[in-house]
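Peer 1: There's a structure below that I have some questions on.
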Amino acid sequence: MTRWLNDEEQHAWRTFGLATRLLTDRLERDLLAAADMPPTYYELLVLLSEAPERTMRMSELAHWTNSKPSRISHAINKLEQKGWVRRQHHTGDRRGWLAVLTDDGLDALRVAAPRHTESVREHLIDLLTPEQLRQLADIGQVLLDHLTDRDSR
């Protein structure tokens with residue numbers, strides 16, 4: 001038997017869904033306007049910038065972005081065209097490829113990051129009290145734990 005949402009649950013669900021969609025859309029528009037960079041590219045550049053030697057296996061990028069390898073390959077192709085990333089063979093694995101963040105890619109990230117951070121602050125962080133921010137982190141962790149556990153089954 002279906003457990004329908006009561007009015008309070010329905011309100012929470014709809015408010016959460018609409019707010020997350022609007023926030024994601026706003027952050028994407030701001031990032032595109034500020035740096036001509038979609039969020040997927042930004043995320044890949046951040047991951048590479050934090051990796052040892054600014055290098056990651058393509059399969060790792062797919063894992064950490066929850067993307068299919070073909071989607072990552074397409075994104076890396078676009079980033080290569082911009083000169084922000086280069087591919088190289090993984091030594092010891094003939095089929096494996098690495099993505100390497102170039103100096104130009106790091107420069108592009110350095111331009112985009114402050115503007116993206118300002119947008120995140122303006123549209124999320126600075127709107128919340130410290131307690132609400134802790135609650136948001138807790139809620140996010142509960143959802144991540146549940147969804148990543150379910151996906152691994």
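Residue numbers start at 1 in each chain; chains themselves are named A, B, ... in the order of the structure tokens; ligands are numbered from 1 in the order shown.
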Just asking: which residues within chain A are alpha helix (DSSP H) according to DSSP, as an mmCIF file with C-alpha atoms, in the first residue's frame?
Peer 2:
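Ended up saving to part_19.cif:
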data_model
loop_
_atom_site.group_PDB
_atom_site.id
_atom_site.type_symbol
_atom_site.label_atom_id
_atom_site.label_comp_id
_atom_site.auth_asym_id
_atom_site.auth_seq_id
_atom_site.Cartn_x
_atom_site.Cartn_y
_atom_site.Cartn_z
ATOM 1 C CA ASP A 7 0.599 18.085 3.735
ATOM 2 C CA GLU A 8 3.779 18.854 5.686
ATOM 3 C CA GLU A 9 5.781 16.188 3.827
ATOM 4 C CA GLN A 10 4.384 17.338 0.484
ATOM 5 C CA HIS A 11 5.349 20.930 1.267
ATOM 6 C CA ALA A 12 8.870 19.904 2.327
ATOM 7 C CA TRP A 13 9.348 17.755 -0.782
ATOM 8 C CA ARG A 14 8.096 20.368 -3.243
ATOM 9 C CA THR A 15 9.986 23.217 -1.579
ATOM 10 C CA PHE A 16 13.219 21.200 -1.529
ATOM 11 C CA GLY A 17 12.809 20.106 -5.167
ATOM 12 C CA LEU A 18 12.050 23.559 -6.512
ATOM 13 C CA ALA A 19 14.745 25.255 -4.419
ATOM 14 C CA THR A 20 17.452 22.808 -5.522
ATOM 15 C CA ARG A 21 16.464 23.139 -9.188
ATOM 16 C CA LEU A 22 16.433 26.949 -9.008
ATOM 17 C CA LEU A 23 19.730 27.044 -7.090
ATOM 18 C CA THR A 24 21.421 24.696 -9.551
ATOM 19 C CA ASP A 25 20.120 26.765 -12.460
ATOM 20 C CA ARG A 26 21.294 30.047 -10.901
ATOM 21 C CA LEU A 27 24.770 28.702 -10.116
ATOM 22 C CA GLU A 28 25.070 27.344 -13.655
ATOM 23 C CA ARG A 29 24.003 30.649 -15.234
ATOM 24 C CA ASP A 30 26.387 32.616 -13.014
ATOM 25 C CA LEU A 31 29.304 30.311 -13.820
ATOM 26 C CA LEU A 32 28.602 30.468 -17.552
ATOM 27 C CA ALA A 33 28.313 34.261 -17.437
ATOM 28 C CA ALA A 34 31.453 34.718 -15.349
ATOM 29 C CA ALA A 35 33.770 32.165 -16.941
ATOM 30 C CA PRO A 39 29.396 23.325 -14.015
ATOM 31 C CA THR A 40 30.492 19.918 -15.331
ATOM 32 C CA TYR A 41 33.710 21.403 -16.707
ATOM 33 C CA TYR A 42 34.270 23.374 -13.511
ATOM 34 C CA GLU A 43 33.843 20.218 -11.429
ATOM 35 C CA LEU A 44 36.328 18.320 -13.588
ATOM 36 C CA LEU A 45 38.895 21.125 -13.362
ATOM 37 C CA VAL A 46 38.495 21.259 -9.573
ATOM 38 C CA LEU A 47 38.976 17.494 -9.255
ATOM 39 C CA LEU A 48 42.090 17.617 -11.427
ATOM 40 C CA SER A 49 43.486 20.632 -9.573
ATOM 41 C CA GLU A 50 43.221 18.762 -6.268
ATOM 42 C CA MET A 58 39.384 9.005 -16.732
ATOM 43 C CA SER A 59 37.556 6.228 -14.868
ATOM 44 C CA GLU A 60 38.167 8.038 -11.561
ATOM 45 C CA LEU A 61 36.707 11.235 -12.988
ATOM 46 C CA ALA A 62 33.633 9.289 -14.072
ATOM 47 C CA HIS A 63 33.313 7.785 -10.599
ATOM 48 C CA TRP A 64 33.712 11.069 -8.680
ATOM 49 C CA THR A 65 31.286 12.935 -10.932
ATOM 50 C CA PRO A 69 32.715 7.174 -19.066
ATOM 51 C CA SER A 70 31.386 8.339 -22.446
ATOM 52 C CA ARG A 71 30.142 11.588 -20.892
ATOM 53 C CA ILE A 72 33.513 12.210 -19.246
ATOM 54 C CA SER A 73 35.306 11.442 -22.509
ATOM 55 C CA HIS A 74 33.126 13.986 -24.319
ATOM 56 C CA ALA A 75 33.736 16.634 -21.631
ATOM 57 C CA ILE A 76 37.487 15.996 -21.658
ATOM 58 C CA ASN A 77 37.458 16.375 -25.466
ATOM 59 C CA LYS A 78 35.878 19.819 -25.047
ATOM 60 C CA LEU A 79 38.378 20.753 -22.333
ATOM 61 C CA GLU A 80 41.236 19.593 -24.582
ATOM 62 C CA GLN A 81 39.938 21.842 -27.362
ATOM 63 C CA LYS A 82 40.129 24.782 -24.961
ATOM 64 C CA ASP A 103 48.588 25.469 -16.801
ATOM 65 C CA ASP A 104 45.947 27.184 -18.959
ATOM 66 C CA GLY A 105 43.292 25.012 -17.323
ATOM 67 C CA LEU A 106 44.543 25.986 -13.879
ATOM 68 C CA ASP A 107 44.456 29.640 -14.923
ATOM 69 C CA ALA A 108 40.860 29.235 -16.169
ATOM 70 C CA LEU A 109 39.914 27.639 -12.858
ATOM 71 C CA ARG A 110 41.590 30.462 -10.931
ATOM 72 C CA VAL A 111 39.440 32.958 -12.857
ATOM 73 C CA ALA A 112 36.220 30.980 -12.382
ATOM 74 C CA ALA A 113 36.633 29.916 -8.741
ATOM 75 C CA PRO A 114 36.239 33.300 -7.010
ATOM 76 C CA ARG A 115 33.164 34.147 -9.067
ATOM 77 C CA HIS A 116 31.634 30.726 -8.468
ATOM 78 C CA THR A 117 32.333 31.002 -4.737
ATOM 79 C CA GLU A 118 30.677 34.423 -4.638
ATOM 80 C CA SER A 119 27.611 32.931 -6.328
ATOM 81 C CA VAL A 120 27.457 30.007 -3.894
ATOM 82 C CA ARG A 121 27.747 32.450 -0.993
ATOM 83 C CA GLU A 122 25.128 34.841 -2.381
ATOM 84 C CA HIS A 123 22.546 32.208 -3.251
ATOM 85 C CA PRO A 130 25.328 28.659 11.139
ATOM 86 C CA GLU A 131 22.797 26.203 12.604
ATOM 87 C CA GLN A 132 20.903 25.946 9.305
ATOM 88 C CA LEU A 133 24.185 25.355 7.508
ATOM 89 C CA ARG A 134 25.006 22.495 9.897
ATOM 90 C CA GLN A 135 21.522 21.067 9.353
ATOM 91 C CA LEU A 136 21.926 21.342 5.583
ATOM 92 C CA ALA A 137 25.233 19.471 5.787
ATOM 93 C CA ASP A 138 23.634 16.811 7.983
ATOM 94 C CA ILE A 139 20.692 16.396 5.622
ATOM 95 C CA GLY A 140 23.004 16.224 2.623
ATOM 96 C CA GLN A 141 25.109 13.557 4.335
ATOM 97 C CA VAL A 142 22.051 11.447 5.163
ATOM 98 C CA LEU A 143 20.979 11.604 1.517
ATOM 99 C CA LEU A 144 24.473 10.839 0.233
ATOM 100 C CA ASP A 145 24.858 7.896 2.587
ATOM 101 C CA HIS A 146 21.502 6.493 1.524
ATOM 102 C CA LEU A 147 21.923 7.061 -2.202
ATOM 103 C CA THR A 148 25.520 5.888 -2.457
ATOM 104 C CA ASP A 149 24.739 2.827 -0.337
ATOM 105 C CA ARG A 150 21.738 2.000 -2.523
ATOM 106 C CA ASP A 151 23.740 2.455 -5.731
#
Peer 1: From a DSSP pass on the backbone, collect the residues of chain A flagged as strand (DSSP E or B) and hand them back as an NGL selection string.
Peer 2: :A and (55-57 or 85-90 or 93-101)
Peer 1: Can you tell me which residues surround Thr55 of chain A at a distance of at most 6 Å, considering only C-alpha atoms, apart from same-chain residues fewer than 4 positions away, and format the answer as a CSV table (one decimal) with C-alpha atoms, in the first residue's frame?
Peer 2:
chain,number,residue,atom,x,y,z
A,48,LEU,CA,42.1,17.6,-11.4
A,51,ALA,CA,44.7,15.5,-7.6
A,99,ALA,CA,43.4,13.5,-17.8
A,100,VAL,CA,46.0,16.1,-16.9
